[in-house]
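Below is the file start-v3.cif, which contains mmCIF, C-alpha atoms and all ligand atoms.
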```cif
data_upload
loop_
_atom_site.label_atom_id
_atom_site.label_comp_id
_atom_site.auth_asym_id
_atom_site.auth_seq_id
_atom_site.Cartn_x
_atom_site.Cartn_y
_atom_site.Cartn_z
CA MET A 700 30.29 -0.28 -85.02
CA GLU A 701 28.96 3.04 -83.76
CA THR A 702 25.79 4.49 -82.31
CA ASN A 703 23.25 6.49 -84.29
CA LEU A 704 23.00 10.21 -83.43
CA LYS A 705 19.64 10.68 -85.18
CA ARG A 706 18.04 7.79 -83.27
CA ILE A 707 19.48 8.99 -79.92
CA LYS A 708 18.05 12.46 -80.52
CA GLU A 709 14.65 11.08 -81.60
CA HIS A 710 14.31 8.94 -78.46
CA ILE A 711 15.19 11.80 -76.11
CA GLU A 712 12.93 14.32 -77.87
CA LYS A 713 10.04 11.81 -77.92
CA ILE A 714 10.39 11.04 -74.20
CA ALA A 715 10.51 14.77 -73.41
CA GLU A 716 7.14 15.20 -75.17
CA PHE A 717 5.47 13.14 -72.42
CA THR A 718 6.15 15.80 -69.75
CA SER A 719 3.21 16.78 -67.53
CA THR A 720 4.41 20.41 -67.54
CA PRO A 721 4.79 21.32 -71.24
CA GLY A 722 6.54 24.65 -71.71
CA ARG A 723 7.90 24.57 -68.15
CA GLY A 724 10.47 21.79 -68.38
CA ILE A 725 10.19 18.06 -67.85
CA THR A 726 8.07 16.57 -65.07
CA ILE A 727 7.73 12.79 -65.15
CA PHE A 728 6.89 11.36 -61.73
CA SER A 729 7.06 7.62 -61.04
CA TYR A 730 3.73 5.82 -61.53
CA SER A 731 2.18 8.87 -63.23
CA ASN A 732 0.41 8.72 -66.62
CA GLU A 733 3.46 10.39 -68.20
CA ASP A 734 5.74 7.79 -66.64
CA GLN A 735 3.56 5.02 -68.11
CA LYS A 736 3.67 6.64 -71.58
CA VAL A 737 7.49 6.79 -71.44
CA LYS A 738 7.62 3.17 -70.31
CA ASP A 739 5.23 2.10 -73.09
CA TYR A 740 7.44 3.94 -75.60
CA LEU A 741 10.63 2.33 -74.28
CA ILE A 742 9.08 -1.15 -74.08
CA TYR A 743 7.89 -0.83 -77.69
CA GLN A 744 11.46 0.09 -78.77
CA MET A 745 12.92 -2.75 -76.67
CA LYS A 746 10.52 -5.32 -78.13
CA LYS A 747 11.31 -4.05 -81.65
CA ILE A 748 14.91 -5.24 -81.22
CA GLY A 749 13.88 -8.48 -79.55
CA LEU A 750 14.91 -7.84 -75.96
CA LYS A 751 13.35 -10.00 -73.24
CA ILE A 752 11.30 -7.64 -71.05
CA ASN A 753 10.63 -8.14 -67.36
CA ILE A 754 8.78 -5.50 -65.32
CA ASP A 755 9.58 -6.25 -61.70
CA PRO A 756 6.95 -5.96 -58.90
CA ILE A 757 7.69 -2.26 -58.22
CA GLY A 758 7.96 -1.25 -61.89
CA ASN A 759 11.69 -1.36 -62.65
CA ILE A 760 12.03 -2.33 -66.33
CA ARG A 761 14.64 -5.03 -67.05
CA ALA A 762 15.33 -5.49 -70.77
CA ARG A 763 17.73 -8.35 -71.53
CA LEU A 764 19.79 -9.27 -74.59
CA GLU A 765 20.60 -12.94 -74.09
CA GLY A 766 24.25 -13.96 -74.11
CA ILE A 767 25.98 -16.98 -75.65
CA ASN A 768 25.99 -18.28 -72.08
CA PRO A 769 22.60 -17.31 -70.57
CA ASP A 770 23.78 -18.48 -67.14
CA ALA A 771 26.79 -16.17 -67.13
CA PRO A 772 26.50 -13.14 -64.81
CA VAL A 773 24.77 -10.21 -66.51
CA VAL A 774 26.43 -6.93 -67.53
CA ILE A 775 24.07 -4.09 -66.71
CA THR A 776 23.64 -0.56 -67.96
CA GLY A 777 20.78 1.74 -67.04
CA SER A 778 19.48 4.82 -65.26
CA HIS A 779 16.14 6.48 -64.44
CA ILE A 780 13.34 8.26 -66.31
CA ASP A 781 11.67 9.93 -63.34
CA THR A 782 12.53 13.63 -63.02
CA VAL A 783 12.28 16.45 -60.51
CA ARG A 784 9.42 18.92 -61.13
CA PHE A 785 10.19 21.32 -64.03
CA GLY A 786 13.44 19.44 -64.66
CA GLY A 787 15.47 18.69 -67.78
CA LYS A 788 15.21 16.03 -70.48
CA PHE A 789 18.69 14.57 -70.02
CA ASP A 790 19.00 13.71 -66.29
CA GLY A 791 18.62 9.91 -66.23
CA ILE A 792 16.95 9.80 -69.64
CA ALA A 793 20.28 10.16 -71.49
CA GLY A 794 21.59 7.03 -69.74
CA VAL A 795 18.45 5.01 -70.47
CA VAL A 796 18.50 6.03 -74.16
CA GLY A 797 22.25 5.32 -74.25
CA GLY A 798 21.59 1.77 -73.05
CA LEU A 799 18.77 1.28 -75.56
CA GLU A 800 20.99 2.58 -78.35
CA LEU A 801 23.92 0.30 -77.55
CA LEU A 802 21.63 -2.75 -77.46
CA THR A 803 20.09 -1.66 -80.78
CA VAL A 804 23.54 -1.44 -82.38
CA LEU A 805 24.49 -4.89 -81.04
CA VAL A 806 21.29 -6.42 -82.46
CA GLU A 807 21.61 -4.55 -85.79
CA ASN A 808 25.12 -5.93 -86.21
CA GLY A 809 24.16 -9.42 -85.05
CA VAL A 810 26.70 -9.24 -82.23
CA LYS A 811 26.29 -11.93 -79.56
CA THR A 812 28.17 -11.25 -76.33
CA TYR A 813 29.25 -14.08 -74.01
CA ASN A 814 27.49 -12.56 -70.97
CA PRO A 815 23.88 -11.40 -71.19
CA VAL A 816 23.51 -7.60 -71.28
CA GLU A 817 20.63 -5.90 -69.49
CA LEU A 818 19.22 -2.36 -69.65
CA ILE A 819 17.48 -1.47 -66.38
CA VAL A 820 15.15 1.53 -66.05
CA PHE A 821 14.96 2.23 -62.29
CA ILE A 822 11.86 3.78 -60.73
CA GLU A 823 11.88 6.72 -58.26
CA GLU A 824 15.58 7.62 -58.43
CA GLU A 825 14.95 11.29 -57.62
CA GLY A 826 12.98 10.65 -54.45
CA VAL A 827 10.94 13.83 -54.95
CA ASN A 828 7.67 11.90 -54.67
CA PHE A 829 7.97 9.71 -51.64
CA GLY A 830 10.66 11.48 -49.62
CA SER A 831 13.42 8.97 -50.24
CA ALA A 832 15.73 8.64 -53.25
CA LEU A 833 16.99 5.67 -55.27
CA ILE A 834 14.01 3.54 -54.21
CA GLY A 835 13.94 1.44 -57.41
CA SER A 836 17.60 0.43 -57.27
CA LYS A 837 17.72 0.05 -53.47
CA THR A 838 14.68 -2.23 -53.52
CA LEU A 839 16.12 -4.21 -56.44
CA ILE A 840 19.25 -5.06 -54.43
CA GLY A 841 17.17 -5.85 -51.35
CA ALA A 842 18.26 -2.78 -49.34
CA TYR A 843 14.58 -1.76 -48.99
CA THR A 844 11.84 -4.20 -47.95
CA VAL A 845 8.11 -4.15 -48.65
CA ASP A 846 7.63 -2.57 -45.20
CA ASP A 847 9.95 0.27 -46.23
CA LEU A 848 7.83 0.77 -49.37
CA LYS A 849 4.78 1.09 -47.10
CA SER A 850 6.58 3.78 -45.08
CA PHE A 851 7.56 6.01 -48.04
CA LYS A 852 4.62 8.43 -48.32
CA ASN A 853 3.86 11.16 -50.90
CA ASP A 854 2.50 14.62 -49.97
CA GLN A 855 -1.01 13.15 -49.92
CA GLY A 856 0.12 10.58 -47.33
CA ILE A 857 -0.19 7.66 -49.79
CA SER A 858 2.66 5.11 -49.71
CA LEU A 859 4.72 4.01 -52.70
CA TYR A 860 3.46 0.49 -51.95
CA GLU A 861 -0.19 1.57 -52.41
CA VAL A 862 0.54 3.70 -55.49
CA ALA A 863 2.45 0.79 -57.09
CA LYS A 864 -0.42 -1.61 -56.33
CA LYS A 865 -2.94 0.86 -57.79
CA THR A 866 -1.02 0.81 -61.07
CA GLY A 867 -1.45 -2.98 -61.16
CA LEU A 868 1.96 -3.96 -59.78
CA ASN A 869 2.46 -6.45 -56.99
CA PRO A 870 5.19 -5.13 -54.61
CA ASP A 871 4.60 -8.03 -52.16
CA ARG A 872 6.42 -10.28 -54.66
CA MET A 873 9.56 -8.09 -54.77
CA SER A 874 11.62 -10.42 -52.56
CA GLU A 875 11.55 -13.02 -55.40
CA HIS A 876 13.10 -10.45 -57.77
CA VAL A 877 16.02 -9.18 -55.71
CA LEU A 878 19.23 -8.99 -57.74
CA LYS A 879 21.98 -11.09 -56.13
CA PRO A 880 25.70 -10.21 -56.34
CA GLU A 881 26.56 -13.53 -58.04
CA GLU A 882 24.04 -12.76 -60.82
CA VAL A 883 25.88 -9.58 -61.90
CA LYS A 884 29.31 -9.14 -63.45
CA ALA A 885 29.40 -5.32 -63.59
CA MET A 886 27.33 -2.21 -64.26
CA ILE A 887 28.03 1.05 -66.11
CA GLU A 888 25.69 4.06 -65.94
CA MET A 889 26.02 6.91 -68.41
CA HIS A 890 24.74 10.22 -67.00
CA ILE A 891 24.99 13.97 -67.56
CA GLU A 892 27.57 15.57 -65.26
CA GLN A 893 25.08 18.06 -63.78
CA SER A 894 27.93 20.50 -63.11
CA VAL A 895 30.31 22.79 -65.03
CA ILE A 896 33.66 21.01 -65.25
CA LEU A 897 33.48 19.11 -68.56
CA ASN A 898 31.73 21.99 -70.31
CA LEU A 899 34.21 24.59 -69.04
CA GLU A 900 37.21 22.44 -69.97
CA ASN A 901 35.59 21.43 -73.28
CA ILE A 902 36.09 17.70 -72.60
CA PRO A 903 33.38 15.36 -73.98
CA VAL A 904 33.60 12.62 -71.35
CA GLY A 905 34.12 12.21 -67.60
CA ILE A 906 35.23 8.90 -66.07
CA VAL A 907 33.82 8.93 -62.55
CA GLU A 908 36.07 7.82 -59.66
CA ALA A 909 33.78 8.39 -56.68
CA ILE A 910 30.16 9.31 -56.01
CA ALA A 911 29.19 11.44 -53.01
CA GLY A 912 27.13 9.93 -50.23
CA ARG A 913 24.06 11.70 -48.93
CA LYS A 914 22.01 12.02 -45.76
CA SER A 915 18.49 13.40 -46.21
CA VAL A 916 17.21 14.79 -42.88
CA LEU A 917 13.69 15.97 -42.05
CA ILE A 918 13.65 18.69 -39.36
CA GLU A 919 10.24 19.46 -37.78
CA LEU A 920 9.80 22.49 -35.51
CA GLN A 921 6.60 22.84 -33.47
CA GLY A 922 5.73 26.33 -32.16
CA VAL A 923 2.52 28.04 -31.02
CA ALA A 924 0.23 29.50 -33.67
CA ASN A 925 -1.22 32.85 -32.71
CA HIS A 926 -2.59 36.17 -33.98
CA ALA A 927 0.06 38.07 -35.99
CA GLY A 928 -1.18 41.44 -34.83
CA ALA A 929 -2.25 40.98 -31.23
CA THR A 930 0.64 38.83 -29.95
CA PRO A 931 3.53 40.89 -28.53
CA MET A 932 6.95 39.79 -29.88
CA GLU A 933 8.24 38.58 -26.48
CA TYR A 934 5.30 36.12 -26.14
CA ARG A 935 5.92 34.32 -29.41
CA HIS A 936 7.08 30.74 -30.10
CA ASP A 937 7.61 31.18 -33.82
CA PRO A 938 8.99 28.05 -35.62
CA LEU A 939 9.67 29.99 -38.83
CA ILE A 940 12.13 32.26 -37.01
CA GLY A 941 13.72 29.14 -35.56
CA ALA A 942 13.90 27.52 -39.00
CA ALA A 943 15.48 30.66 -40.48
CA GLN A 944 18.19 30.72 -37.79
CA ILE A 945 18.87 26.99 -38.19
CA ILE A 946 19.06 27.21 -42.02
CA MET A 947 21.50 30.13 -41.77
CA ALA A 948 23.56 28.10 -39.28
CA ILE A 949 23.54 25.08 -41.64
CA ASN A 950 25.04 27.24 -44.37
CA HIS A 951 27.72 28.55 -41.98
CA ILE A 952 28.56 25.09 -40.56
CA VAL A 953 28.89 23.48 -44.00
CA ARG A 954 30.96 26.36 -45.39
CA GLU A 955 33.21 27.02 -42.39
CA GLN A 956 33.34 23.92 -40.17
CA ALA A 957 32.90 20.89 -42.44
CA LEU A 958 35.26 19.50 -45.12
CA PRO A 959 35.92 21.34 -48.40
CA THR A 960 33.97 18.55 -50.18
CA THR A 961 30.86 18.85 -47.97
CA VAL A 962 27.73 20.47 -49.46
CA GLY A 963 24.44 21.19 -47.69
CA THR A 964 21.11 22.39 -49.08
CA VAL A 965 17.64 23.13 -47.75
CA GLY A 966 15.42 23.09 -50.82
CA LYS A 967 12.07 22.07 -49.39
CA ILE A 968 10.22 23.85 -46.57
CA THR A 969 6.59 23.78 -45.48
CA CYS A 970 5.00 26.22 -43.04
CA LYS A 971 1.63 25.57 -41.40
CA PRO A 972 -0.96 27.12 -41.57
CA ASN A 973 0.97 29.36 -44.04
CA MET A 974 -1.28 32.39 -43.55
CA PRO A 975 0.17 35.94 -43.61
CA ASN A 976 -1.65 37.00 -40.41
CA VAL A 977 -1.00 33.85 -38.34
CA ILE A 978 2.21 33.16 -36.41
CA PRO A 979 3.11 29.70 -37.79
CA GLU A 980 2.30 26.62 -35.77
CA SER A 981 4.87 24.30 -37.34
CA VAL A 982 7.63 24.36 -39.95
CA ASN A 983 9.18 21.30 -41.60
CA PHE A 984 12.23 21.41 -43.84
CA VAL A 985 14.54 18.85 -45.46
CA LEU A 986 18.34 19.04 -45.24
CA ASP A 987 20.26 17.45 -48.14
CA LEU A 988 23.80 16.85 -46.81
CA ARG A 989 26.45 15.29 -49.10
CA ASP A 990 30.14 14.48 -49.23
CA ILE A 991 32.57 12.14 -50.94
CA ASP A 992 34.00 11.62 -47.44
CA PRO A 993 31.44 10.32 -44.88
CA LYS A 994 33.30 12.22 -42.14
CA GLY A 995 32.15 15.51 -43.70
CA ILE A 996 28.49 14.48 -43.34
CA ALA A 997 28.90 13.19 -39.76
CA LEU A 998 30.86 16.27 -38.68
CA SER A 999 28.31 18.78 -39.98
CA LEU A 1000 25.28 16.82 -38.80
CA GLU A 1001 26.59 16.78 -35.22
CA SER A 1002 26.94 20.58 -35.13
CA ILE A 1003 23.59 21.08 -36.89
CA LYS A 1004 21.81 18.90 -34.29
CA GLU A 1005 23.39 21.04 -31.50
CA LYS A 1006 22.14 24.20 -33.20
CA ILE A 1007 18.60 22.79 -33.55
CA LYS A 1008 18.54 22.05 -29.79
CA GLU A 1009 19.87 25.52 -28.92
CA VAL A 1010 17.48 27.45 -31.20
CA SER A 1011 14.48 25.34 -30.08
CA LYS A 1012 15.29 26.11 -26.46
CA THR A 1013 15.61 29.86 -27.14
CA HIS A 1014 12.22 30.02 -28.90
CA GLY A 1015 10.40 27.42 -26.79
CA LEU A 1016 9.90 25.06 -29.75
CA ASP A 1017 9.55 21.28 -29.83
CA PHE A 1018 11.64 19.59 -32.51
CA GLN A 1019 11.96 16.25 -34.32
CA ILE A 1020 14.92 15.13 -36.44
CA LYS A 1021 14.24 12.21 -38.81
CA ILE A 1022 16.73 10.60 -41.24
CA LEU A 1023 14.70 10.19 -44.44
CA GLY A 1024 17.38 8.37 -46.39
CA GLU A 1025 21.07 7.65 -46.42
CA THR A 1026 23.39 6.63 -49.26
CA LYS A 1027 27.02 5.78 -48.61
CA PRO A 1028 29.76 7.40 -50.73
CA LEU A 1029 31.09 4.98 -53.36
CA LYS A 1030 34.57 4.56 -54.79
CA LEU A 1031 33.96 3.16 -58.28
CA SER A 1032 35.53 -0.09 -59.54
CA ASN A 1033 39.11 0.18 -60.83
CA MET A 1034 38.47 -2.77 -63.18
CA VAL A 1035 35.53 -1.01 -64.83
CA LYS A 1036 37.28 2.37 -64.82
CA ASP A 1037 40.31 0.85 -66.57
CA ILE A 1038 38.07 -0.71 -69.23
CA ILE A 1039 36.29 2.61 -69.89
CA GLU A 1040 39.66 4.42 -70.01
CA GLY A 1041 41.10 1.82 -72.41
CA VAL A 1042 38.15 2.15 -74.79
CA ALA A 1043 38.33 5.97 -74.61
CA ARG A 1044 41.99 5.78 -75.61
CA GLU A 1045 41.23 3.29 -78.45
CA LYS A 1046 38.47 5.57 -79.77
CA LYS A 1047 40.63 8.70 -79.22
CA ILE A 1048 37.95 10.20 -76.97
CA SER A 1049 39.43 12.75 -74.56
CA TYR A 1050 38.27 12.31 -70.99
CA LYS A 1051 38.71 13.61 -67.45
CA LYS A 1052 38.67 11.58 -64.24
CA MET A 1053 36.32 13.20 -61.74
CA ASN A 1054 33.91 12.75 -58.85
CA SER A 1055 30.12 13.02 -58.80
CA GLY A 1056 28.35 15.33 -56.33
CA ALA A 1057 25.02 14.00 -57.61
CA LEU A 1058 23.66 10.61 -56.57
CA HIS A 1059 23.00 7.87 -59.10
CA ASP A 1060 21.54 4.37 -59.19
CA ALA A 1061 25.11 3.28 -59.89
CA CYS A 1062 26.06 4.05 -56.28
CA VAL A 1063 23.42 1.57 -55.11
CA LEU A 1064 24.45 -1.18 -57.57
CA GLY A 1065 27.98 -0.56 -56.32
CA GLU A 1066 26.94 -2.35 -53.12
CA ILE A 1067 26.57 -5.65 -55.01
CA THR A 1068 28.84 -5.41 -58.08
CA GLU A 1069 31.68 -3.63 -59.87
CA VAL A 1070 30.40 -0.28 -61.11
CA GLY A 1071 31.61 2.49 -63.41
CA MET A 1072 30.09 5.76 -64.64
CA ILE A 1073 30.51 7.76 -67.82
CA PHE A 1074 29.69 11.48 -67.60
CA ILE A 1075 28.72 13.70 -70.52
CA PRO A 1076 28.86 17.51 -70.31
CA SER A 1077 26.04 19.71 -68.98
CA ILE A 1078 26.05 23.01 -70.91
CA GLY A 1079 26.53 25.82 -68.37
CA GLY A 1080 26.50 23.19 -65.63
CA ARG A 1081 22.73 23.49 -65.17
CA SER A 1082 20.59 20.53 -64.12
CA HIS A 1083 17.33 19.80 -62.32
CA VAL A 1084 16.01 22.84 -64.22
CA MET A 1085 14.33 23.52 -67.57
CA GLY A 1086 17.62 24.96 -68.79
CA GLU A 1087 19.36 21.57 -68.48
CA ARG A 1088 21.11 21.00 -71.84
CA THR A 1089 23.65 18.60 -73.33
CA ASN A 1090 24.90 18.51 -76.93
CA PHE A 1091 23.48 15.47 -78.72
CA ASN A 1092 26.89 14.95 -80.27
CA ASP A 1093 28.37 14.61 -76.78
CA ILE A 1094 25.66 12.07 -75.95
CA LYS A 1095 26.67 10.10 -79.04
CA ILE A 1096 30.33 10.15 -77.96
CA GLY A 1097 29.26 8.92 -74.52
CA CYS A 1098 27.13 6.19 -76.13
CA ASP A 1099 30.03 5.02 -78.30
CA LEU A 1100 32.21 4.80 -75.20
CA LEU A 1101 29.42 2.99 -73.33
CA LEU A 1102 29.01 0.55 -76.25
CA GLY A 1103 32.74 -0.23 -76.38
CA SER A 1104 33.00 -0.61 -72.60
CA ILE A 1105 29.96 -2.89 -72.27
CA LEU A 1106 31.26 -5.03 -75.15
CA LYS A 1107 34.59 -5.46 -73.34
CA LEU A 1108 32.86 -6.33 -70.04
CA ALA A 1109 30.43 -8.80 -71.67
CA ASN A 1110 33.07 -10.82 -73.49
O1 LIG B 1 19.78 14.48 -56.31
C1 LIG B 1 20.55 13.82 -56.97
O2 LIG B 1 21.70 13.79 -56.70
C2 LIG B 1 20.09 13.01 -58.15
O3 LIG B 1 19.98 13.86 -59.27
N1 LIG B 1 18.85 12.37 -57.87
MN MN B 2 19.94 11.45 -62.33
MN MN B 3 18.47 14.07 -60.73
#
```
In C-alpha cells, write the structure found in this file.
Ligand code: HGY
Ligand code: MN
Ligand code: MN
Amino acid sequence: METNLKRIKEHIEKIAEFTSTPGRGITIFSYSNEDQKVKDYLIYQMKKIGLKINIDPIGNIRARLEGINPDAPVVITGSHIDTVRFGGKFDGIAGVVGGLELLTVLVENGVKTYNPVELIVFIEEEGVNFGSALIGSKTLIGAYTVDDLKSFKNDQGISLYEVAKKTGLNPDRMSEHVLKPEEVKAMIEMHIEQSVILNLENIPVGIVEAIAGRKSVLIELQGVANHAGATPMEYRHDPLIGAAQIIMAINHIVREQALPTTVGTVGKITCKPNMPNVIPESVNFVLDLRDIDPKGIALSLESIKEKIKEVSKTHGLDFQIKILGETKPLKLSNMVKDIIEGVAREKKISYKKMNSGALHDACVLGEITEVGMIFIPSIGGRSHVMGERTNFNDIKIGCDLLLGSILKLAN
C-alpha cells in the first residue's frame, strides 16, 4: 500500500488556488471566505471516502474513519490550513493533505484499523489574526476557555468568539467538545521543516525529538506626540527611539546572553499616528521569543524587561508588557518516535532526528497524548514566504511514512 503522488499534488495545488492574494503567495486567514472554500473542498473529499465529519463549535474539522472498536482511543493526524499573509502553500497544508491521503489509501484498500483514525484540521494555528497562536488546538484540549476566545481580538478589535459566531458557529458549546486524554491514543503531525537542514543534507525525512516553546510578548511604549520641526531634541519623549533601542538590545541579549538555542524576533511593530512630521505618540511591538530549553526564554525575558524599564526612564516613556501567548517546549514521545523510526527503516527511507524551532499543533496535543512529528524538507529552508517550496516527491515519502506509522499505532 502506498500513497498517490498525483492526488497529493492535486489537493495542494487546488487549496493554493483559494488564496486571497493571488500572485503574491498564499493568504488564507481563519474564518475568511478563502478558509471556507478550502474547508468545503476538504469536506467534499472527506465525504467522498466516507469519513464521519464533525465541525466543532470553533470550526476545527474532525474527520473520522471508524475503527473495528469504535470505543478504542483514537489515533490522530492533522495540522492547519490557515497561513501567514503572503505565505507558502505547504506550511500546515502538507500535513492536512497527508492525513487525507493516508485515509484515502486505507479506504481504497478496505483496511479497517482496530482504533479509529481521525484527521483534524485545526483553526488559527498561526495566530496572525487574533494575536495568539495555536488557538484551535489549545481550545480543543481545553487550555483556552470561551472567555479567552472573547479576549483574542483582531486588528479591528473584533474577538475570535464574535467572528466565529458570525460564521454560524457556536463557540459557547465548545466545553462539550473538549478532547480528553483518555479518548486519544497518540497523534502524529507531518509538517515541512521550515529550515535548511534536511534540504542541505539531502535527507527526505526528519523525525522530530523536541519542539521549541514560545513566549509572545506585546510591548507598548507611550510617549508624547509633538511637532517634528518645532520641538527641540532635548524636549522629546519619542517612543520610536525607545523601541529602536529596545529592539537592538533584544537582538544583543538573545545573541550574547541567552542560550545557544534561544531565538528572538520582532516582526510586528505599529507606530501611532505614523505621520512623517509628527513625533510618535505610541509604539507597540511584539517579541517572539523561543527556545527548546525554557530557561533560555526566562533568562532573556528578564534582561529584556530590565532594558525596557531603563530605556523608558531615559526617554520619559510609559510602558506596558503583556504576555500574548505562551507554549511550553515539548519533548516528543519515545513510543511514537520509535514507531516512525521502525517504519522508516522498513521502507528504507533515510531520516534525521532533529528539533523544531517552529511551533505546531502537535506541541499542544502533546499535553494530553503521545505525539510524534514527521518533517519533510523545505527547499532553501524558506517558509512563511511566497518562496516556500517542497518537492512533491518528498511529500509522498513523508505520506508513506505517515501511513505506515499511523497503521502501526492504530492496530
Ligand atoms: O510560528 C510558527 O512557529 C508556526 O509556523 N506557526
Ligand atoms: Mn505550520
Ligand atoms: Mn507557520
**Message:** Env of segment 1036-1038 of chain A: 7 Å cut, atoms = all atoms listed in the file, seq-sep filter 6 positions within chain, self excluded. Answer as a list in words.
**Reply:** Ile906, Gly1071 and Ser1104 of chain A
**Message:** Please identify all protein, DNA and RNA residues within 10 Å of ligand LIG 1 (chain B), counting all atoms listed in the file, and report them as a ChimeraX atom specification.
**Reply:** /A:779,781-783,790-791,823-827,831-833,890-893,910-913,987,989,1055-1060,1082-1083
**Prompt:** Quick one: distance from atom CA of Pro903 of chain A to atom CA of Ile707 of chain A in Å, one decimal?
**Reply:** 16.4 Å
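Nearest to ligand MN 2 (chain B) of all the residues A:Val810, A:Leu1016, A:Ala1061, A:Leu805 is A:Ala1061, based on all atoms listed in the file.
When atom CA of Ile945 of chain A is paired with atom CA of Ile978 of chain A, their separation reads 17.9 Å.
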**Request:** Can you pull out every residue within 8 Å of Gly797 of chain A, counting all atoms listed in the file, but drop anything in the same chain fewer than 3 positions away, and send it as a PyMOL selection string?
**Result:** chain A and resi 707+793-794+800-801+889+1094+1097-1098+1101
**Message:** Give me the residues near Ala957 of chain A as a list in words, where near means some atom within 12 Å (using all atoms listed in the file) and where sequence neighbours in that chain fewer than 5 positions away do not count.
**Reply:** Ile949, Asn950, His951, Ile952, Val962, Gly963, Leu988, Arg989, Asp990, Asp992, Pro993, Lys994, Gly995, Ile996, Ala997, Leu998, Ser999, Leu1000, Glu1001, Ser1002 and Ile1003 of chain A
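With atom CA of Lys713 of chain A on one side and atom CA of Tyr740 of chain A on the other, the separation reads 8.6 Å.
With only C-alpha atoms as the atoms that count, the residue of A:Ala771, A:Ile896, A:Val965, A:Met1072 with the shortest distance to Ser1032 of chain A is A:Met1072.
Comparing the minimum interatomic distances between Gly798 of chain A and each of A:Arg763, A:Lys736, A:His936, A:Lys914, counting only C-alpha atoms, we find that A:Arg763 sits nearest.
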**Message:** Neighbouring residues of Glu807 of chain A were defined as those with any atom within 12 Å, considering all atoms listed in the file; residues of the same chain fewer than 3 positions away were excluded. Please report them as a PyMOL selection string.
**Reply:** chain A and resi 700-703+747-749+800-804+810-811
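Of the listed residues (A:Asp846, A:Asp734, A:Glu1069, A:Asp755), A:Glu1069 comes nearest to Thr776 of chain A; the distances count all atoms listed in the file.
Among the candidates A:Leu1064, A:Val1042, A:Leu986, A:Leu704, the residue lying nearest to Leu1102 of chain A is A:Val1042 (atoms considered: all atoms listed in the file).
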**Message:** I want to know what sits within 7 Å of Lys971 of chain A, based on only C-alpha atoms, with residues of the same chain fewer than 2 positions away left out; could you give that as a PyMOL selection string?
**Reply:** chain A and resi 969+973+979-982
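The shortest atom-to-atom distance to ligand MN 2 (chain B), with all atoms listed in the file taken into account, belongs to A:Val820 out of A:Ile775, A:Val820, A:Val806, A:Met886.
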**Prompt:** Using only C-alpha atoms, can you list as a ChimeraX atom specification the residues within 8 Å of (13.7, -11.9, -55.5)?
**Reply:** /A:872-878
Build an axis-aligned box that encloses every atom of segment 748-752 of chain A listed in the file, pad it by 6 Å on each side, and report its centre and edge lengths in Å to one decimal, as JSON.
```
{"center_x": 13.1, "center_y": -7.6, "center_z": -76.1, "size_x": 15.6, "size_y": 16.8, "size_z": 22.2}
```
